[in-house]
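Chemist: Okay, here's the structure, questions in a sec.
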Amino acid sequence: MIKKPIKPLLVAALPITSLNDLEKINSAEGLVDLVELRVDYMDNPLIIPYEKLNREKILVTLRDFTEGGVKKHPDETKLFLLKKLSDLGILYDVEIEFVEKHRNVNYEDKIASIHVFNTSNVDWNIIKEKVKKYMDKALIVKIATTPFPGYRAYLASLLELGDNIAVMPMSTNPQERIAFTLLGSKLLYCCLEKPTALGQIKCSDVKLVLDMISKHANYVIKPF
(Lines give C-alpha, C1' and ligand atoms only; values in the text may rest on other atoms or scores of the structure.)
Protein backbone atom coordinates (compact mmCIF):
# COMPACT_ATOMS: atom_id res chain seq x y z
CA MET A 1 0.00 0.00 0.00
CA ILE A 2 1.31 3.44 -0.94
CA LYS A 3 1.83 5.73 2.02
CA LYS A 4 0.75 9.36 2.07
CA PRO A 5 2.93 10.98 -0.60
CA ILE A 6 5.71 13.28 0.50
CA LYS A 7 6.76 14.18 -3.02
CA PRO A 8 4.56 14.38 -6.12
CA LEU A 9 3.86 11.04 -7.77
CA LEU A 10 4.58 10.80 -11.49
CA VAL A 11 1.90 8.65 -13.11
CA ALA A 12 1.94 7.18 -16.61
CA ALA A 13 -1.60 7.04 -17.99
CA LEU A 14 -1.94 3.86 -20.05
CA PRO A 15 -5.13 3.16 -22.05
CA ILE A 16 -6.00 -0.53 -21.82
CA THR A 17 -7.97 -1.60 -24.86
CA SER A 18 -7.03 -5.29 -24.69
CA LEU A 19 -5.00 -7.64 -22.51
CA ASN A 20 -2.05 -7.11 -24.85
CA ASP A 21 -1.74 -3.52 -23.63
CA LEU A 22 -0.70 -4.80 -20.21
CA GLU A 23 2.69 -5.63 -21.72
CA LYS A 24 3.34 -1.88 -22.02
CA ILE A 25 3.53 -1.55 -18.23
CA ASN A 26 7.17 -2.66 -18.35
CA SER A 27 8.07 0.21 -20.69
CA ALA A 28 7.46 2.64 -17.82
CA GLU A 29 10.02 0.97 -15.57
CA GLY A 30 12.35 3.60 -14.11
CA LEU A 31 10.34 6.47 -15.55
CA VAL A 32 7.39 6.86 -13.21
CA ASP A 33 6.11 6.04 -9.74
CA LEU A 34 2.87 4.46 -10.94
CA VAL A 35 1.26 3.25 -14.13
CA GLU A 36 -2.43 4.11 -14.37
CA LEU A 37 -4.41 1.42 -16.14
CA ARG A 38 -7.32 3.23 -17.79
CA VAL A 39 -9.59 0.22 -18.03
CA ASP A 40 -12.62 2.26 -19.12
CA TYR A 41 -11.21 1.86 -22.64
CA MET A 42 -12.16 -1.84 -22.49
CA ASP A 43 -15.50 -3.46 -23.25
CA ASN A 44 -15.06 -5.73 -20.24
CA PRO A 45 -12.54 -4.52 -17.66
CA LEU A 46 -13.28 -7.50 -15.43
CA ILE A 47 -11.29 -9.92 -17.59
CA ILE A 48 -7.97 -8.35 -16.58
CA PRO A 49 -5.96 -10.65 -14.24
CA TYR A 50 -5.43 -7.97 -11.60
CA GLU A 51 -4.13 -10.48 -9.07
CA LYS A 52 -1.11 -11.14 -11.31
CA LEU A 53 -0.09 -7.48 -11.58
CA ASN A 54 2.46 -5.74 -9.38
CA ARG A 55 0.13 -3.95 -6.99
CA GLU A 56 2.90 -1.63 -5.80
CA LYS A 57 3.32 -0.13 -9.27
CA ILE A 58 -0.19 0.24 -10.65
CA LEU A 59 -3.19 2.50 -10.27
CA VAL A 60 -6.48 1.28 -11.75
CA THR A 61 -9.07 3.70 -13.09
CA LEU A 62 -12.49 2.82 -14.46
CA ARG A 63 -13.38 6.41 -15.25
CA ASP A 64 -17.04 7.27 -15.25
CA PHE A 65 -18.31 8.34 -18.67
CA THR A 66 -19.67 11.62 -17.26
CA GLU A 67 -16.19 12.51 -15.95
CA GLY A 68 -14.17 11.70 -19.03
CA GLY A 69 -14.46 7.93 -19.36
CA VAL A 70 -14.25 6.44 -22.84
CA LYS A 71 -16.87 3.67 -22.63
CA LYS A 72 -19.95 3.45 -20.46
CA HIS A 73 -20.01 0.69 -17.87
CA PRO A 74 -22.84 -0.26 -15.50
CA ASP A 75 -22.46 0.79 -11.88
CA GLU A 76 -22.62 -2.89 -10.94
CA THR A 77 -19.47 -3.59 -12.99
CA LYS A 78 -17.62 -0.75 -11.30
CA LEU A 79 -18.78 -1.75 -7.82
CA PHE A 80 -17.62 -5.33 -8.39
CA LEU A 81 -14.25 -4.18 -9.72
CA LEU A 82 -13.58 -1.70 -6.90
CA LYS A 83 -14.43 -4.34 -4.29
CA LYS A 84 -12.03 -6.77 -5.95
CA LEU A 85 -9.25 -4.18 -6.15
CA SER A 86 -9.80 -3.21 -2.53
CA ASP A 87 -9.54 -6.85 -1.44
CA LEU A 88 -6.32 -7.23 -3.46
CA GLY A 89 -4.83 -4.08 -1.96
CA ILE A 90 -4.56 -2.39 -5.35
CA LEU A 91 -4.71 1.39 -5.58
CA TYR A 92 -7.58 2.84 -7.59
CA ASP A 93 -9.09 6.18 -8.50
CA VAL A 94 -12.79 6.63 -7.73
CA GLU A 95 -14.95 9.66 -8.35
CA ILE A 96 -16.32 11.40 -5.25
CA GLU A 97 -19.71 11.56 -6.97
CA PHE A 98 -19.66 7.76 -7.32
CA VAL A 99 -18.76 7.39 -3.63
CA GLU A 100 -21.66 9.63 -2.67
CA LYS A 101 -24.00 7.66 -4.90
CA HIS A 102 -22.88 4.30 -3.47
CA ARG A 103 -22.07 4.80 0.21
CA ASN A 104 -20.38 1.39 0.60
CA VAL A 105 -17.51 2.24 -1.78
CA ASN A 106 -14.13 2.24 -0.05
CA TYR A 107 -12.12 5.39 -0.76
CA GLU A 108 -9.79 5.18 2.25
CA ASP A 109 -6.16 5.29 1.09
CA LYS A 110 -7.40 5.60 -2.51
CA ILE A 111 -7.53 8.51 -4.93
CA ALA A 112 -10.83 10.37 -4.66
CA SER A 113 -11.40 12.55 -7.69
CA ILE A 114 -13.53 15.28 -9.23
CA HIS A 115 -13.43 16.16 -12.94
CA VAL A 116 -15.19 19.29 -14.15
CA PHE A 117 -15.65 19.63 -17.91
CA ASN A 118 -18.58 22.04 -17.97
CA THR A 119 -17.61 24.89 -15.64
CA SER A 120 -20.79 26.92 -16.09
CA ASN A 121 -23.07 27.03 -13.03
CA VAL A 122 -20.51 25.21 -10.87
CA ASP A 123 -20.48 26.17 -7.20
CA TRP A 124 -16.74 26.13 -6.53
CA ASN A 125 -17.29 26.54 -2.81
CA ILE A 126 -19.08 23.18 -2.79
CA ILE A 127 -16.13 21.62 -4.63
CA LYS A 128 -13.79 22.98 -1.98
CA GLU A 129 -15.98 21.60 0.81
CA LYS A 130 -15.92 18.18 -0.82
CA VAL A 131 -12.12 18.29 -0.92
CA LYS A 132 -12.08 19.07 2.81
CA LYS A 133 -14.54 16.26 3.51
CA TYR A 134 -12.62 13.51 1.73
CA MET A 135 -9.01 14.51 2.29
CA ASP A 136 -8.79 12.99 5.78
CA LYS A 137 -9.27 9.39 4.61
CA ALA A 138 -8.27 9.49 0.95
CA LEU A 139 -4.67 8.95 -0.07
CA ILE A 140 -5.01 11.91 -2.44
CA VAL A 141 -7.95 14.09 -3.43
CA LYS A 142 -7.65 15.05 -7.08
CA ILE A 143 -9.43 17.92 -8.81
CA ALA A 144 -9.16 18.36 -12.56
CA THR A 145 -10.99 21.10 -14.43
CA THR A 146 -11.18 22.81 -17.75
CA PRO A 147 -10.13 26.47 -17.52
CA PHE A 148 -12.50 29.12 -16.20
CA PRO A 149 -11.91 32.74 -15.12
CA GLY A 150 -9.65 32.61 -12.08
CA TYR A 151 -9.00 28.86 -12.26
CA ARG A 152 -5.26 29.17 -11.52
CA ALA A 153 -5.86 31.04 -8.27
CA TYR A 154 -8.65 28.65 -7.32
CA LEU A 155 -6.57 25.53 -7.88
CA ALA A 156 -3.69 27.05 -5.95
CA SER A 157 -6.06 27.74 -3.06
CA LEU A 158 -7.00 24.06 -2.94
CA LEU A 159 -3.36 23.15 -2.45
CA GLU A 160 -3.41 25.23 0.73
CA LEU A 161 -5.97 22.86 2.27
CA GLY A 162 -3.53 20.04 2.94
CA ASP A 163 -0.56 17.99 1.80
CA ASN A 164 -2.48 15.29 -0.08
CA ILE A 165 -4.19 17.40 -2.74
CA ALA A 166 -3.66 17.13 -6.49
CA VAL A 167 -4.90 19.76 -8.92
CA MET A 168 -4.60 19.92 -12.66
CA PRO A 169 -6.02 22.13 -15.38
CA MET A 170 -7.26 20.24 -18.44
CA SER A 171 -5.92 22.72 -20.94
CA THR A 172 -3.68 22.74 -23.99
CA ASN A 173 -0.86 24.28 -21.94
CA PRO A 174 1.14 21.35 -20.51
CA GLN A 175 3.50 23.64 -18.60
CA GLU A 176 0.68 24.48 -16.20
CA ARG A 177 0.54 20.89 -14.94
CA ILE A 178 4.22 20.96 -14.13
CA ALA A 179 3.84 24.38 -12.49
CA PHE A 180 1.15 23.14 -10.12
CA THR A 181 3.30 20.12 -9.28
CA LEU A 182 6.08 22.48 -8.25
CA LEU A 183 3.55 24.31 -6.07
CA GLY A 184 2.70 21.09 -4.23
CA SER A 185 0.17 19.16 -6.31
CA LYS A 186 0.72 15.50 -5.45
CA LEU A 187 0.00 13.92 -8.86
CA LEU A 188 1.44 14.60 -12.29
CA TYR A 189 0.08 12.49 -15.13
CA CYS A 190 2.08 11.83 -18.26
CA CYS A 191 1.70 9.52 -21.24
CA LEU A 192 3.81 6.73 -22.67
CA GLU A 193 2.30 7.10 -26.13
CA LYS A 194 -0.99 8.90 -26.73
CA PRO A 195 -2.29 11.29 -24.03
CA THR A 196 -5.53 10.43 -22.26
CA ALA A 197 -6.27 14.07 -21.36
CA LEU A 198 -5.43 17.58 -22.50
CA GLY A 199 -2.08 18.80 -21.23
CA GLN A 200 -0.40 15.43 -20.75
CA ILE A 201 3.26 15.32 -21.74
CA LYS A 202 5.34 12.26 -22.57
CA CYS A 203 6.69 10.65 -19.42
CA SER A 204 10.29 10.72 -20.63
CA ASP A 205 10.06 14.49 -21.23
CA VAL A 206 8.42 15.17 -17.86
CA LYS A 207 11.02 13.14 -15.99
CA LEU A 208 13.80 15.03 -17.78
CA VAL A 209 12.31 18.36 -16.68
CA LEU A 210 11.73 17.28 -13.08
CA ASP A 211 15.19 15.73 -12.79
CA MET A 212 16.76 18.90 -14.15
CA ILE A 213 14.88 21.08 -11.66
CA SER A 214 15.77 18.77 -8.79
CA LYS A 215 19.42 18.69 -9.79
CA HIS A 216 19.78 22.47 -9.87
CA ALA A 217 17.54 23.30 -6.90
CA ASN A 218 19.40 21.44 -4.17
CA TYR A 219 20.92 24.49 -2.59
CA VAL A 220 19.89 27.19 -0.17
CA ILE A 221 20.51 30.87 -0.81
CA LYS A 222 21.88 32.40 2.39
CA PRO A 223 20.49 35.80 3.38
CA PHE A 224 22.79 38.82 3.16
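Labeling convention for the C-alpha coordinates: chains A, B, ... as they appear, residues from 1 per chain, ligands from 1 in order of appearance.
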Do a neighbour search on Asp93 of chain A at 10 Å with only C-alpha atoms, toss out local chain neighbours closer than 2 positions, and write the hits as number ranges by chain.
Modeler: A: 36, 38, 59-63, 82, 91, 95-96, 107, 110-113, 139-142
Chemist: List every residue of segment 61-222 of chain A that DSSP, applied to the backbone of this structure, places in strand (DSSP E), and write the result as number ranges by chain.
Modeler: A: 61, 91-95, 111-116, 140-145, 165-169, 187-191, 201-202
Chemist: Residues of segment 22-196 of chain A in helix (DSSP H, G or I) according to DSSP, as a VMD selection string?
Modeler: chain A and resid 22 to 28 39 to 41 45 to 47 50 to 52 65 to 67 75 to 88 96 to 101 124 to 134 151 to 159 174 to 182
Chemist: Produce a table with one row for each residue of segment 39-138 of chain A that has an atom at most 9 Å from any atom of segment 161-175 of chain A, each row naming the nearest atom pair and its distance in Å at one decimal; use only C-alpha atoms; arrange rows by chain and rising residue number; format as CSV.
Modeler:
```
residue,atom,partner,partner_atom,distance
A:Phe117,CA,A:Met170,CA,8.4
A:Lys128,CA,A:Leu161,CA,8.9
A:Val131,CA,A:Ile165,CA,8.2
A:Lys132,CA,A:Leu161,CA,7.2
A:Met135,CA,A:Asn164,CA,7.0
A:Asp136,CA,A:Asn164,CA,8.9
A:Ala138,CA,A:Asn164,CA,8.3
```
Chemist: Once you have the residues from the selection above, write them out as a tab-separated table (two decimals), in the first residue's frame, restricted to all heavy atoms.
Modeler:
```
chain	number	residue	atom	x	y	z
A	117	PHE	N	-15.81	19.30	-16.49
A	117	PHE	CA	-15.65	19.63	-17.91
A	117	PHE	C	-16.51	20.83	-18.29
A	117	PHE	O	-16.11	21.67	-19.09
A	117	PHE	CB	-16.01	18.43	-18.78
A	117	PHE	CG	-15.00	17.32	-18.71
A	117	PHE	CD1	-15.10	16.30	-17.77
A	117	PHE	CD2	-13.91	17.30	-19.57
A	117	PHE	CE1	-14.16	15.29	-17.71
A	117	PHE	CE2	-12.96	16.30	-19.52
A	117	PHE	CZ	-13.08	15.29	-18.58
A	128	LYS	N	-14.80	22.85	-3.03
A	128	LYS	CA	-13.79	22.98	-1.98
A	128	LYS	C	-14.21	22.25	-0.71
A	128	LYS	O	-13.39	21.61	-0.05
A	128	LYS	CB	-13.54	24.47	-1.69
A	128	LYS	CG	-12.45	24.70	-0.64
A	128	LYS	CD	-12.08	26.19	-0.53
A	128	LYS	CE	-11.28	26.64	-1.75
A	128	LYS	NZ	-10.72	28.01	-1.56
A	131	VAL	N	-13.55	18.59	-1.11
A	131	VAL	CA	-12.12	18.29	-0.92
A	131	VAL	C	-11.82	18.16	0.57
A	131	VAL	O	-11.16	17.21	1.01
A	131	VAL	CB	-11.25	19.39	-1.56
A	131	VAL	CG1	-9.78	19.16	-1.22
A	131	VAL	CG2	-11.44	19.41	-3.07
A	132	LYS	N	-12.31	19.11	1.36
A	132	LYS	CA	-12.08	19.07	2.81
A	132	LYS	C	-12.67	17.82	3.43
A	132	LYS	O	-12.09	17.21	4.35
A	132	LYS	CB	-12.69	20.31	3.47
A	132	LYS	CG	-12.04	21.62	3.09
A	132	LYS	CD	-12.77	22.79	3.77
A	132	LYS	CE	-12.16	24.13	3.40
A	132	LYS	NZ	-12.90	25.26	4.03
A	135	MET	N	-10.47	14.53	2.22
A	135	MET	CA	-9.01	14.51	2.29
A	135	MET	C	-8.47	13.78	3.52
A	135	MET	O	-7.33	13.33	3.52
A	135	MET	CB	-8.45	15.94	2.24
A	135	MET	CG	-8.89	16.83	3.37
A	135	MET	SD	-8.32	18.54	3.17
A	135	MET	CE	-6.58	18.34	3.55
A	136	ASP	N	-9.28	13.64	4.57
A	136	ASP	CA	-8.79	12.99	5.78
A	136	ASP	C	-8.53	11.49	5.56
A	136	ASP	O	-7.55	10.95	6.07
A	136	ASP	CB	-9.78	13.17	6.93
A	136	ASP	CG	-9.76	14.59	7.49
A	136	ASP	OD1	-8.77	15.30	7.23
A	136	ASP	OD2	-10.72	14.99	8.15
A	138	ALA	N	-8.81	9.83	2.27
A	138	ALA	CA	-8.27	9.49	0.95
A	138	ALA	C	-6.75	9.61	0.94
A	138	ALA	O	-6.17	10.42	1.68
A	138	ALA	CB	-8.86	10.42	-0.12
```
Chemist: Please measure the separation of atom CA of Ser204 of chain A and atom CA of Tyr189 of chain A, giving the value in Å to one decimal.
Modeler: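 The value is 11.7 Å.
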Chemist: With only C-alpha atoms as the counted atoms, please give the residues lying no more than 12 Å from Arg177 of chain A, apart from itself and same-chain residues fewer than 3 positions off, as a VMD selection string.
Modeler: chain A and resid 8 10 144 to 145 152 155 to 156 166 to 174 180 to 190 197 to 201 206 210
Chemist: Nearest residue to Lys202 of chain A out of A:Ile25, A:Glu51, A:Val32, A:Phe80, using only C-alpha atoms?
Modeler: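 Of A:Ile25, A:Glu51, A:Val32, A:Phe80, the one nearest Lys202 of chain A is A:Val32, counting only C-alpha atoms.
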Chemist: Which residues are near Leu81 of chain A? Cut-off 12 Å, only C-alpha atoms, ignore same chain within fewer than 6 positions. Put them as a count of residues only.
Modeler: 26
Chemist: For atom CA of Ala28 of chain A and atom CA of Cys203 of chain A, quote the distance in Å rounded to one decimal.
Modeler: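 For atom CA of Ala28 of chain A relative to atom CA of Cys203 of chain A, the distance reads 8.2 Å.
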Chemist: Rounded to one decimal, what separation in Å do you get between atom CA of Phe98 of chain A and atom CA of Ser86 of chain A?
Modeler: 15.5 Å
